[in-house]
Structure formats: C-alpha cells, structure tokens
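K.L.:
Quick one, input.cif (mmCIF, C-alpha atoms):
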data_data
loop_
_atom_site.label_atom_id
_atom_site.label_comp_id
_atom_site.auth_asym_id
_atom_site.auth_seq_id
_atom_site.Cartn_x
_atom_site.Cartn_y
_atom_site.Cartn_z
CA MET X 28 89.99 88.08 73.44
CA LEU X 29 92.79 89.45 75.56
CA ARG X 30 91.89 90.75 78.95
CA ASN X 31 94.62 93.37 78.87
CA PRO X 32 94.75 94.66 75.34
CA VAL X 33 97.89 96.43 74.21
CA ARG X 34 97.71 99.90 75.60
CA MET X 35 97.64 102.59 73.03
CA THR X 36 99.29 105.28 75.07
CA THR X 37 103.01 105.68 75.04
CA PHE X 38 104.14 105.52 78.62
CA THR X 39 103.49 102.07 79.94
CA GLY X 40 106.18 99.82 78.61
CA ASP X 41 109.71 99.31 79.85
CA ARG X 42 111.10 100.80 76.71
CA ASP X 43 109.01 103.93 77.25
CA VAL X 44 110.41 104.34 80.73
CA ARG X 45 113.92 103.75 79.48
CA GLU X 46 113.58 106.25 76.66
CA ALA X 47 111.98 108.85 78.88
CA TYR X 48 114.77 108.34 81.37
CA ALA X 49 117.43 108.79 78.72
CA ALA X 50 115.79 111.95 77.46
CA HIS X 51 114.73 113.69 80.64
CA SER X 52 116.40 112.31 83.75
CA GLY X 53 119.27 114.80 83.53
CA GLU X 54 116.95 117.78 83.55
CA LEU X 55 114.66 116.36 86.19
CA TYR X 56 117.59 115.52 88.40
CA GLY X 57 119.24 118.89 87.80
CA PHE X 58 116.10 120.69 88.79
CA ALA X 59 115.35 118.41 91.72
CA THR X 60 118.87 118.91 93.05
CA ARG X 61 118.50 122.66 92.82
CA SER X 62 115.03 122.68 94.27
CA LEU X 63 115.66 120.29 97.16
CA GLY X 64 119.26 121.24 97.76
CA ASP X 65 120.25 117.65 98.36
CA ALA X 66 121.53 115.03 95.94
CA GLY X 67 120.02 112.12 97.86
CA LEU X 68 116.58 113.71 98.00
CA ALA X 69 116.89 114.61 94.33
CA GLU X 70 117.51 110.97 93.45
CA GLU X 71 114.50 110.00 95.50
CA ALA X 72 112.42 112.64 93.74
CA VAL X 73 113.47 111.51 90.26
CA GLN X 74 112.84 107.88 91.14
CA GLU X 75 109.41 108.71 92.52
CA THR X 76 108.64 110.80 89.44
CA PHE X 77 109.33 107.95 87.05
CA VAL X 78 107.46 105.45 89.21
CA ARG X 79 104.43 107.72 89.44
CA ALA X 80 104.63 108.43 85.72
CA TRP X 81 104.71 104.70 85.02
CA ARG X 82 101.76 104.11 87.32
CA ALA X 83 99.78 106.84 85.61
CA GLY X 84 101.11 105.90 82.19
CA GLU X 85 97.70 105.20 80.78
CA ARG X 86 96.68 108.74 81.51
CA PHE X 87 99.54 110.27 79.56
CA ASP X 88 98.21 111.84 76.40
CA PRO X 89 100.80 113.19 73.99
CA GLU X 90 98.03 115.23 72.38
CA ILE X 91 97.71 117.31 75.52
CA GLY X 92 101.32 118.04 76.26
CA SER X 93 104.84 116.81 75.86
CA LEU X 94 106.26 114.00 77.94
CA ARG X 95 108.73 116.48 79.37
CA THR X 96 105.97 118.81 80.55
CA TRP X 97 104.12 115.87 82.03
CA LEU X 98 107.18 114.60 83.88
CA PHE X 99 107.91 118.04 85.26
CA ALA X 100 104.31 118.33 86.44
CA ILE X 101 104.74 115.04 88.30
CA LEU X 102 108.12 116.10 89.68
CA ARG X 103 106.46 119.27 90.92
CA ASN X 104 104.07 117.23 93.05
CA VAL X 105 106.85 114.97 94.24
CA VAL X 106 109.01 117.92 95.26
CA ILE X 107 106.10 119.51 97.09
CA ASP X 108 105.42 116.22 98.88
CA LEU X 109 109.07 115.84 99.85
CA GLY X 110 109.19 119.47 100.98
CA ARG X 111 106.07 118.93 103.05
CA ALA X 112 107.53 115.79 104.59
CA ARG X 113 110.61 117.75 105.59
CA ALA X 114 108.53 120.61 106.95
CA VAL X 115 106.67 118.40 109.42
CA ARG X 116 109.81 117.63 111.35
CA PRO X 117 109.21 118.57 114.97
CA GLY X 118 110.36 122.01 115.92
CA VAL X 119 109.98 123.39 112.44
CA ALA X 120 107.28 125.86 111.46
CA GLU X 121 104.73 125.55 114.19
CA GLY X 122 101.24 125.94 112.83
CA GLY X 123 102.18 123.96 109.76
CA ILE X 124 102.92 126.41 107.00
CA GLU X 125 101.86 124.73 103.81
CA PRO X 126 104.50 124.82 101.13
CA THR X 127 102.99 126.94 98.40
CA VAL X 128 103.40 126.60 94.69
CA GLU X 129 105.20 129.91 94.32
CA PRO X 130 108.57 128.76 95.56
CA PHE X 131 108.34 125.84 93.19
CA GLU X 132 107.53 127.98 90.16
CA GLU X 133 110.26 130.37 91.10
CA ALA X 134 112.75 127.57 91.59
CA LEU X 135 111.73 126.11 88.25
CA SER X 136 112.23 129.45 86.50
CA ALA X 137 115.58 129.91 88.21
CA TRP X 138 116.73 126.47 87.22
CA GLN X 139 115.51 126.97 83.65
CA ILE X 140 117.47 130.16 83.15
CA GLU X 141 120.57 128.65 84.73
CA GLU X 142 120.25 125.58 82.55
CA ALA X 143 119.63 127.73 79.47
CA MET X 144 122.73 129.76 80.29
CA ARG X 145 124.74 126.56 80.47
CA ARG X 146 123.44 125.45 77.10
CA ILE X 147 124.11 128.51 74.97
CA GLY X 148 127.43 128.95 73.19
CA ASP X 149 130.54 129.90 75.15
CA ASP X 150 130.91 133.30 73.45
CA HIS X 151 127.35 134.27 74.25
CA ARG X 152 127.44 132.95 77.79
CA ARG X 153 130.68 134.70 78.52
CA VAL X 154 129.51 138.21 77.58
CA ILE X 155 126.17 137.84 79.35
CA PHE X 156 127.84 136.41 82.42
CA GLU X 157 130.50 139.10 82.61
CA THR X 158 128.32 142.11 81.80
CA TYR X 159 125.11 141.08 83.52
CA TYR X 160 125.96 138.75 86.38
CA ARG X 161 129.30 140.30 87.21
CA GLY X 162 128.21 143.80 86.22
CA ARG X 163 131.39 144.59 84.33
CA PRO X 164 131.50 147.44 81.79
CA TYR X 165 131.32 146.50 78.10
CA ALA X 166 134.65 148.24 77.41
CA GLU X 167 136.44 146.12 80.00
CA VAL X 168 134.97 142.88 78.74
CA ALA X 169 135.72 143.87 75.14
CA GLU X 170 139.33 144.54 76.01
CA GLU X 171 139.67 141.28 77.89
CA LEU X 172 138.25 139.37 74.94
CA GLY X 173 140.20 141.42 72.39
CA VAL X 174 137.11 142.38 70.41
CA PRO X 175 135.41 145.73 69.72
CA GLU X 176 132.77 146.91 72.17
CA GLY X 177 130.16 146.66 69.41
CA THR X 178 130.91 142.96 69.19
CA VAL X 179 130.24 142.50 72.89
CA LYS X 180 126.97 144.32 72.47
CA SER X 181 125.84 142.22 69.54
CA ARG X 182 126.93 139.04 71.35
CA VAL X 183 124.75 140.04 74.26
CA TYR X 184 121.86 140.47 71.82
CA TYR X 185 122.41 137.15 70.08
CA GLY X 186 123.07 135.52 73.43
CA LEU X 187 119.66 136.62 74.69
CA ARG X 188 118.08 135.33 71.50
CA ALA X 189 119.85 132.02 72.02
CA LEU X 190 118.54 131.91 75.59
CA ARG X 191 115.05 132.50 74.29
CA VAL X 192 115.36 129.59 71.88
CA VAL X 193 116.70 127.25 74.58
CA LEU X 194 113.99 128.29 77.00
CA GLU X 195 111.37 127.61 74.37
CA GLU X 196 112.85 124.18 73.78
CA MET X 197 112.68 123.59 77.50
CA GLY X 198 109.02 124.43 77.47
CA TYR X 199 109.31 127.77 79.19
CA ASP X 200 106.24 129.75 78.46
CA ASP X 201 106.19 133.37 79.49
CA MET E 5 109.63 145.71 58.06
CA THR E 6 113.20 145.36 59.22
CA THR E 7 115.45 147.94 57.65
CA ASP E 8 119.22 148.44 57.75
CA ASN E 9 118.44 151.09 60.28
CA CYS E 10 116.67 148.50 62.39
CA ARG E 11 119.62 146.16 62.12
CA GLU E 12 121.76 148.74 63.87
CA TRP E 13 119.22 149.24 66.59
CA ARG E 14 118.72 145.54 67.03
CA ALA E 15 122.25 145.02 68.26
CA SER E 16 121.36 147.27 71.18
CA LEU E 17 118.21 145.39 72.11
CA GLY E 18 120.07 142.87 74.25
CA ALA E 19 121.77 145.55 76.31
CA TYR E 20 118.45 147.37 76.45
CA ALA E 21 116.60 144.32 77.78
CA LEU E 22 119.29 143.88 80.43
CA GLY E 23 119.18 147.55 81.41
CA GLN E 24 122.76 148.09 80.32
CA LEU E 25 122.33 151.07 77.99
CA SER E 26 123.35 154.55 79.02
CA GLU E 27 120.53 157.03 79.52
CA ASP E 28 121.21 158.68 76.13
CA GLU E 29 121.32 155.37 74.29
CA ARG E 30 118.16 154.21 75.97
CA VAL E 31 116.23 157.37 75.08
CA ALA E 32 117.38 157.18 71.48
CA LEU E 33 116.46 153.51 71.19
CA GLU E 34 113.05 154.04 72.74
CA ALA E 35 112.38 156.77 70.16
CA HIS E 36 113.05 154.17 67.47
CA LEU E 37 110.90 151.56 69.17
CA GLU E 38 108.07 154.04 69.31
CA GLY E 39 107.80 153.98 65.55
CA CYS E 40 108.92 150.40 64.84
CA PRO E 41 106.54 147.60 65.85
CA GLU E 42 108.97 144.86 64.77
CA CYS E 43 111.80 146.10 66.95
CA ARG E 44 109.31 146.73 69.74
CA ALA E 45 108.10 143.14 69.58
CA GLU E 46 111.67 141.88 69.59
CA ALA E 47 112.53 144.09 72.57
CA GLU E 48 109.51 142.82 74.48
CA SER E 49 110.37 139.22 73.72
CA LEU E 50 113.95 139.66 74.94
CA ARG E 51 112.69 141.43 77.99
CA SER E 52 110.66 138.38 78.98
CA VAL E 53 113.90 136.40 78.91
CA ALA E 54 115.69 139.12 80.83
CA ARG E 55 113.01 139.07 83.51
CA LEU E 56 114.05 135.54 84.41
CA MET E 57 117.72 136.36 84.65
CA PRO E 58 117.78 137.82 88.16
CA LEU E 59 116.42 134.51 89.45
CA ALA E 60 119.55 132.63 88.44
CA ASP E 61 122.34 131.96 90.86
CA PRO E 62 125.50 132.88 88.92
CA ALA E 63 127.55 130.32 90.81
CA ARG E 64 125.31 127.57 89.45
CA ILE E 65 125.71 128.75 85.87
CA VAL E 66 129.43 128.11 85.88
CA GLU E 67 129.11 124.76 87.62
CA PRO E 68 128.52 121.79 85.36
CA ALA E 69 124.94 120.55 85.54
CA PRO E 70 124.63 117.78 88.13
CA ARG E 71 124.14 114.36 86.59
CA PRO E 72 122.09 111.61 88.16
CA PRO E 73 124.18 108.66 89.37
CA ALA E 74 124.45 105.83 86.89
CA GLU E 75 122.64 103.33 89.10
CA LEU E 76 119.51 105.49 89.42
CA ARG E 77 118.09 104.13 86.20
CA GLU E 78 118.52 100.55 87.35
CA ARG E 79 116.96 101.40 90.67
CA ILE E 80 113.92 102.88 88.95
CA GLU E 81 113.59 99.86 86.70
CA THR E 82 113.82 97.55 89.70
CA VAL E 83 111.11 99.44 91.58
CA ILE E 84 108.84 99.50 88.54
CA GLY E 85 109.54 95.84 87.82
CA ALA E 86 108.63 94.86 91.37
CA GLU E 87 105.53 96.97 91.29
CA ARG E 88 104.52 95.51 87.96
CA THR E 89 104.78 92.02 89.43
CA THR E 90 102.73 92.97 92.48
CA GLU E 91 100.16 94.73 90.37
CA ARG E 92 99.90 91.78 88.04
CA LYS E 93 99.42 89.45 90.95
CA ARG E 94 96.74 91.72 92.37
CA ARG E 95 94.96 91.82 89.04
CA ARG E 96 95.23 88.07 88.67
CA ARG E 97 93.94 87.59 92.18
CA GLN E 98 90.97 89.77 91.41
CA ARG E 99 90.37 88.04 88.16
CA PHE E 100 91.00 84.53 89.32
CA GLY E 101 89.07 85.11 92.48
CA PHE E 102 91.34 83.42 94.96
CA ALA E 103 94.18 84.31 97.19
CA PHE E 104 97.62 83.77 95.81
CA GLY E 105 99.17 84.30 99.16
CA GLY E 106 97.69 80.94 99.98
CA VAL E 107 99.21 79.27 96.98
CA ALA E 108 102.63 80.68 97.74
CA ALA E 109 102.39 79.64 101.37
CA ALA E 110 101.14 76.23 100.46
CA ALA E 111 103.89 75.56 97.99
CA ALA E 112 105.53 73.14 100.36
CA ALA E 113 102.28 71.33 100.89
CA ALA E 114 101.82 71.07 97.15
CA VAL E 115 98.23 71.97 97.45
CA LEU E 116 96.55 73.26 94.39
CA ALA E 117 93.40 75.25 94.57
CA ILE E 118 90.98 75.08 91.77
CA VAL E 119 88.01 77.30 91.47
CA VAL E 120 85.30 76.71 89.04
CA PHE E 121 83.28 79.77 88.35
CA SER E 122 79.65 79.18 87.92
CA GLY E 123 79.55 81.52 84.98
CA GLY E 124 77.79 84.34 86.77
CA GLY E 125 77.16 87.30 84.52
CA GLY E 126 78.20 85.25 81.58
CA GLY E 127 74.94 85.84 79.82
CA GLY E 128 74.67 82.28 78.66
CA ARG E 129 78.39 81.90 78.11
CA ALA E 130 79.85 78.63 79.12
CA PRO E 131 81.51 78.71 82.55
CA GLU E 132 85.19 79.39 82.63
CA GLN E 133 87.40 77.17 84.71
CA GLN E 134 90.35 78.84 86.36
CA VAL E 135 93.41 76.77 87.00
CA ALA E 136 96.44 77.77 88.99
CA PHE E 137 99.64 75.81 88.92
CA GLY E 138 100.85 75.31 92.46
CA HIS E 139 104.22 74.17 93.73
CA LEU E 140 106.15 76.08 91.11
CA PRO E 141 109.81 77.01 91.37
CA GLN E 142 110.47 80.30 93.11
CA GLY E 143 109.41 83.28 91.02
CA ILE E 144 107.51 81.37 88.39
CA GLN E 145 103.81 81.88 88.07
CA ILE E 146 101.52 80.03 85.71
CA GLU E 147 97.80 80.38 85.46
CA ALA E 148 95.25 79.21 82.98
CA SER E 149 91.60 79.61 82.32
CA LEU E 150 89.64 77.12 80.24
CA ARG E 151 86.35 77.61 78.49
CA PRO E 152 84.42 74.96 76.61
CA HIS E 153 83.38 75.63 73.05
CA ALA E 154 81.86 73.59 70.27
CA PHE E 155 85.27 73.40 68.64
CA GLY E 156 86.96 72.15 71.79
CA THR E 157 88.55 74.17 74.57
CA GLU E 158 89.66 77.77 74.64
CA ILE E 159 92.72 78.24 76.82
CA LYS E 160 94.11 81.47 78.16
CA MET E 161 97.57 81.12 79.63
CA TYR E 162 99.42 83.52 81.80
CA VAL E 163 103.07 82.96 82.60
CA SER E 164 105.64 85.03 84.41
CA GLY E 165 109.04 84.55 85.91
CA VAL E 166 110.65 82.54 83.15
CA ARG E 167 113.34 83.93 80.89
CA SER E 168 112.10 86.39 78.30
CA GLY E 169 111.76 84.70 74.94
CA THR E 170 111.07 81.27 76.44
CA LEU E 171 108.98 79.08 74.17
CA CYS E 172 105.95 77.73 76.01
CA ARG E 173 104.10 74.74 74.58
CA VAL E 174 100.68 74.01 75.98
CA PHE E 175 98.72 70.77 75.91
CA LEU E 176 95.68 69.19 77.46
CA ARG E 177 95.71 65.65 78.72
CA GLY E 178 92.58 63.76 77.88
CA ALA E 179 90.71 61.12 79.85
CA ASP E 180 92.39 58.61 77.54
CA GLY E 181 95.79 59.71 78.84
CA ARG E 182 96.87 61.24 75.55
CA ARG E 183 98.25 64.71 75.10
CA TYR E 184 96.32 67.08 72.89
CA PRO E 185 98.50 69.99 71.74
CA ALA E 186 97.02 73.41 72.28
CA GLY E 187 99.65 75.53 70.58
CA SER E 188 102.57 77.55 71.74
CA PHE E 189 103.58 81.09 72.60
CA ARG E 190 106.64 82.97 73.71
CA TYR E 191 106.88 84.63 77.04
CA ARG E 192 108.20 88.19 76.80
CA TRP E 193 109.36 90.04 79.83
CA GLY E 194 107.06 92.90 80.69
CA ASP E 195 104.22 91.51 78.63
CA ASP E 196 101.15 91.57 80.74
CA THR E 197 98.79 89.83 78.40
CA GLU E 198 97.53 86.30 78.29
CA ALA E 199 98.20 83.98 75.44
CA VAL E 200 94.99 82.73 73.88
CA LEU E 201 95.17 79.18 72.64
CA SER E 202 92.81 76.42 71.73
CA SER E 203 92.66 72.66 71.69
CA ALA E 204 90.33 70.32 69.82
CA LEU E 205 89.83 68.31 73.00
CA ASP E 206 86.48 68.84 74.62
CA LEU E 207 86.88 70.40 78.06
CA SER E 208 84.68 67.70 79.59
CA ARG E 209 87.24 65.15 78.41
CA ALA E 210 90.27 67.08 79.66
CA ARG E 211 91.87 65.80 82.86
CA ALA E 212 94.92 68.02 83.06
CA ILE E 213 96.56 70.99 81.44
CA GLY E 214 100.30 71.10 80.90
CA ILE E 215 102.85 73.60 79.78
CA ARG E 216 106.37 72.88 78.70
CA ALA E 217 108.64 75.88 79.14
CA GLY E 218 112.41 76.11 79.26
CA GLY E 219 112.95 72.34 79.38
CA ARG E 220 110.47 71.74 82.19
CA THR E 221 106.91 70.58 82.10
CA PHE E 222 104.31 71.72 84.58
CA VAL E 223 100.94 70.09 84.82
CA ALA E 224 97.79 70.99 86.76
CA PRO E 225 94.63 68.93 86.99
CA VAL E 226 91.48 70.09 85.33
CA SER E 227 88.34 69.80 87.38
CA ARG E 228 85.56 67.68 86.00
CA GLY E 229 83.01 70.11 87.30
CA GLY E 230 81.53 71.10 90.59
CA THR E 231 82.72 73.94 92.72
CA THR E 232 85.95 74.69 94.50
CA ALA E 233 88.19 71.73 94.92
CA SER E 234 91.52 71.26 96.55
CA VAL E 235 93.61 68.65 94.92
CA SER E 236 96.94 67.44 96.02
CA GLN E 237 99.03 66.75 93.06
CA LEU E 238 102.48 66.25 91.82
CA ASN E 239 102.71 68.88 89.24
CA GLN E 240 106.03 68.36 87.67
CA GLU E 241 106.32 65.60 85.18
CA ASP E 242 109.41 64.19 83.65
CA PRO E 243 110.27 66.14 80.56
CA THR E 244 109.34 64.21 77.51
#
Turn this file's structure into structure tokens for me.
P.N.:
Amino acid sequence: MLRNPVRMTTFTGDRDVREAYAAHSGELYGFATRSLGDAGLAEEAVQETFVRAWRAGERFDPEIGSLRTWLFAILRNVVIDLGRARAVRPGVAEGGIEPTVEPFEEALSAWQIEEAMRRIGDDHRRVIFETYYRGRPYAEVAEELGVPEGTVKSRVYYGLRALRVVLEEMGYDD
Amino acid sequence: MTTDNCREWRASLGAYALGQLSEDERVALEAHLEGCPECRAEAESLRSVARLMPLADPARIVEPAPRPPAELRERIETVIGAERTTERKRRRRQRFGFAFGGVAAAAAAAVLAIVVFSGGGGGGRAPEQQVAFGHLPQGIQIEASLRPHAFGTEIKMYVSGVRSGTLCRVFLRGADGRRYPAGSFRYRWGDDTEAVLSSALDLSRARAIGIRAGGRTFVAPVSRGGTTASVSQLNQEDPT
C-alpha cells in the first residue's frame, strides 16, 4: 500500500500549477498591480498566491467553486497581508488601523469593470468610453464616428450587455 | 413577452442605465417599464453593471492590461519545487523517525544510520526495517523500508533527485552473496509516492539492499535485527 496515495483533488501536481498559472496569472497580476499599486509587490503577491494555493491544494474542491474564485480568495488574503505589512512601517497610522475588507472589495470591483471594459469589442468600448467616461453628447460621438445617433445609443446598450457577459465570466456576482 | 415595441425601448436601456437619457425620454421609458416586466428586468440587470462603472479609472481602461513578467512562472515553480523537497524530507523524517540533517552532515563520514522499528502499533504486523542510503551524491535521496512476509520481503523505495524517467532497478543481496532482483520502477519528477516492490528473498537472509539508477549502483546494509545501529559502509559499488 502506498503511504501517499494519488490525491484526488486537482490542485496538487506541477501540471495543475502550470495550467492554473496559464489560465489565471494575467488576471491575478492585473488585479494585484492595481490593488497594490506596485509591479514588484504584485509579482510577490501572485507568487505567494500560487504557493499558498499549492500548499492548500488538497483543500481545493471544484464542487464548491471555480479555481479562479479560489485563487482570487487567496490573493485577497495575500493582498491584505501585504497591505498590513506596509501599514506597520513606523510613522504610518499610529494606533494601527486594520486594513478592512471594503477597500479590497472595492478595488476588486473597480478592476473587474476596467478589465471587462478592456475585453469588450472596440465599437462598444468606444461609445461607452466617450459618452460615459468622457461625458460627451451622443450627437458629437455619432458625428465623430460617422454613424446615426441611434446607432450610438444601441451600441451603448449592447456594450453594457457585453460588459455584463464578461463580468459574469469573470465571476462577478451582483 | 418582448414585442417590436419593446425592441425600440430596449435600445434606450443602456443610456437609461447610465443616466444619459433626457428627462422626457426617461419619463417615457419608465412609463413603458411600469407595464413591461421583461424590459424592467433587463433595465435592472444593466443597472447593476452600471453601478460598477463609476469605480473604474478611465485611464486604466485605455492602458493595456499589465502582464506578469515571463520569469514569474519559473520563480513560482522553483519556490514550489523547493518547498516540495523540504516537505517531502520533513514527511520522510517523521515517517522514518530519524534526523536527515544528520545524514546530510555525516555524508563525508560515510556513516549510515539504520533504525529498526520494533513494530509498535503494528497489531501483530511484522516489524518494518527502515533503511537510509547515506553518502549519496549531492541532491540524491534514497530510502527504503523492508517488511518480512511469508513470500519474502516487501520493499518500499523512495527516490528523489535523479533525472525524471530514470529506470531504477532494486535488488537484495543475500547472505550467500547473490543478488535477488526485487523489480524496477521509474522515478518521475514531482511524484511523491513510494514504489512498492517485493523480493522472494527472506528478509532474515538479506544482508544489503541495492538500487541501480542512471548507471550507478547504491547499496545499503540491511540490519540483521536489534535496534538502532550505525554502520560505516562503502555504499557505492562498481556498476555491474
């Protein structure tokens, strides 16, 4: 009898780590960069996330949630730990203000919508960006694009639908 | 049910969710929503997306998403690989019940520690003899445990540090000096399990256990009984 029988879960082997990295490192890194505001710290966070995930690999249960959700949950803890480590520098925040979960959730939502915006089609992104983020009138955008105003309006509609689909794929749950 | 009428209203739902409709348009649309559950549901769903939108930093939307540096993956694999090795050693140490630090440190002295478990908790099972191969080349680790059976000897082998895919042939050397083959296995990188083998030679008649891997043969003496013994030995034989 083998002392260490083949583990039945799916996040213990090297191939699992490699596949998970290929599938999710971009997102994890993108979010970590945004959340920590530093590329070096983001690398550290992603590395720590995969190492912790590997260590806890036996506890990963695909029945409970996706690998992506699990990795983000780990990254969340890593980011909070890194944030806490930064906050204890002398001279900062006397009385030790604990980093709360709110800024994390907010940062995650912000990153998700930014990432979703990047992923939708150019036509959709353009009209939402111009009319919403730059606050330009529909008529002006329509003229610039050489399309009727009604087209801009319907692109905004389909653009929002596309965002919804991407957000769902990313696991966003309102 | 979605009607043609709805289709016209739908095109406005995006602008509505983003608060971009004029007052007149908004009032008219809301009158439609009042009586149309489908459009109302769609409007609500788009609104939940729209609620996130103020959180975004527009400058970040137009920037390409940052990509992790190419070497990050290798770094992660290195860290995990190192931790796997440490963890495996720790587990072995626990299981084999002696300190490997000692073996590593004593490599130069070519001292081999052998522990014979007295079979505690074995519930009548024959005692298992743990054998560690000392004085191994840097990075290579070989351990074995032997258990007597009526059929001969059960052998569990653990190897690490050799090239993945290396064929490992195991044998016991009997009191008569002959080699008794105990089968073979392949070492696979990352595989944490022990190979389970057997030999027809009775454990009481075994004097040494050997493994030939990657063109080299490593041999460790098998205790004839008793408790912990330290045996100086030359563990590398000429390849045969």
K.L.:
With only C-alpha atoms as the atoms that count, which of E:Ala21, E:Val226, E:Ala15, E:Leu37 lies nearest to chain X?
P.N.:
E:Ala15
K.L.:
Enumerate, as a VMD selection string, the residues matched when the PyMOL selection byres ((chain X) within 6 of (chain E)) is run on the file above.
P.N.:
chain X and resid 31 53 56 to 57 74 137 141 145 181 183 to 184
K.L.:
I need the residue set behind the PyMOL selection byres ((chain E and resi 140-153) around 8) for this file; please write it as a list in words.
P.N.:
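Selection result, ordered by chain and number: Ala111, Ala130, Pro131, Glu132, Gln133, Gln134, Val135, Ala136, Phe137, Gly138, His139, Ala154, Phe155, Gly156, Thr157, Glu158, Ile159, Lys160, Met161, Tyr162, Val163, Ser164, Gly165, Val166, Asp206, Leu207 and Ser208 of chain E.
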K.L.:
Apply the PyMOL selection byres ((chain X and resi 197) around 9) to the file shown and report the selected residues as number ranges by chain.
P.N.:
X: 95-96, 139, 143, 192-196, 198-200
K.L.:
Which value, in Å to one decimal, gives the distance between atom CA of X:Ile147 and atom CA of X:Leu98?
P.N.:
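The value is 23.7 Å.
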K.L.:
Quick one: distance from atom CA of X:Lys180 to atom CA of E:Gly39 in Å, one decimal?
P.N.:
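Taking atom CA of X:Lys180 as the start and atom CA of E:Gly39 as the end point, the length is 22.6 Å.
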K.L.:
Give the answer as one residue: which of X:Trp81, X:Asp88, X:Glu46, X:Leu109 has the shortest atom-to-atom distance to X:Gly67, using all atoms listed in the file?
P.N.:
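Going through X:Trp81, X:Asp88, X:Glu46, X:Leu109 one by one, the smallest distance to X:Gly67 is for X:Leu109.
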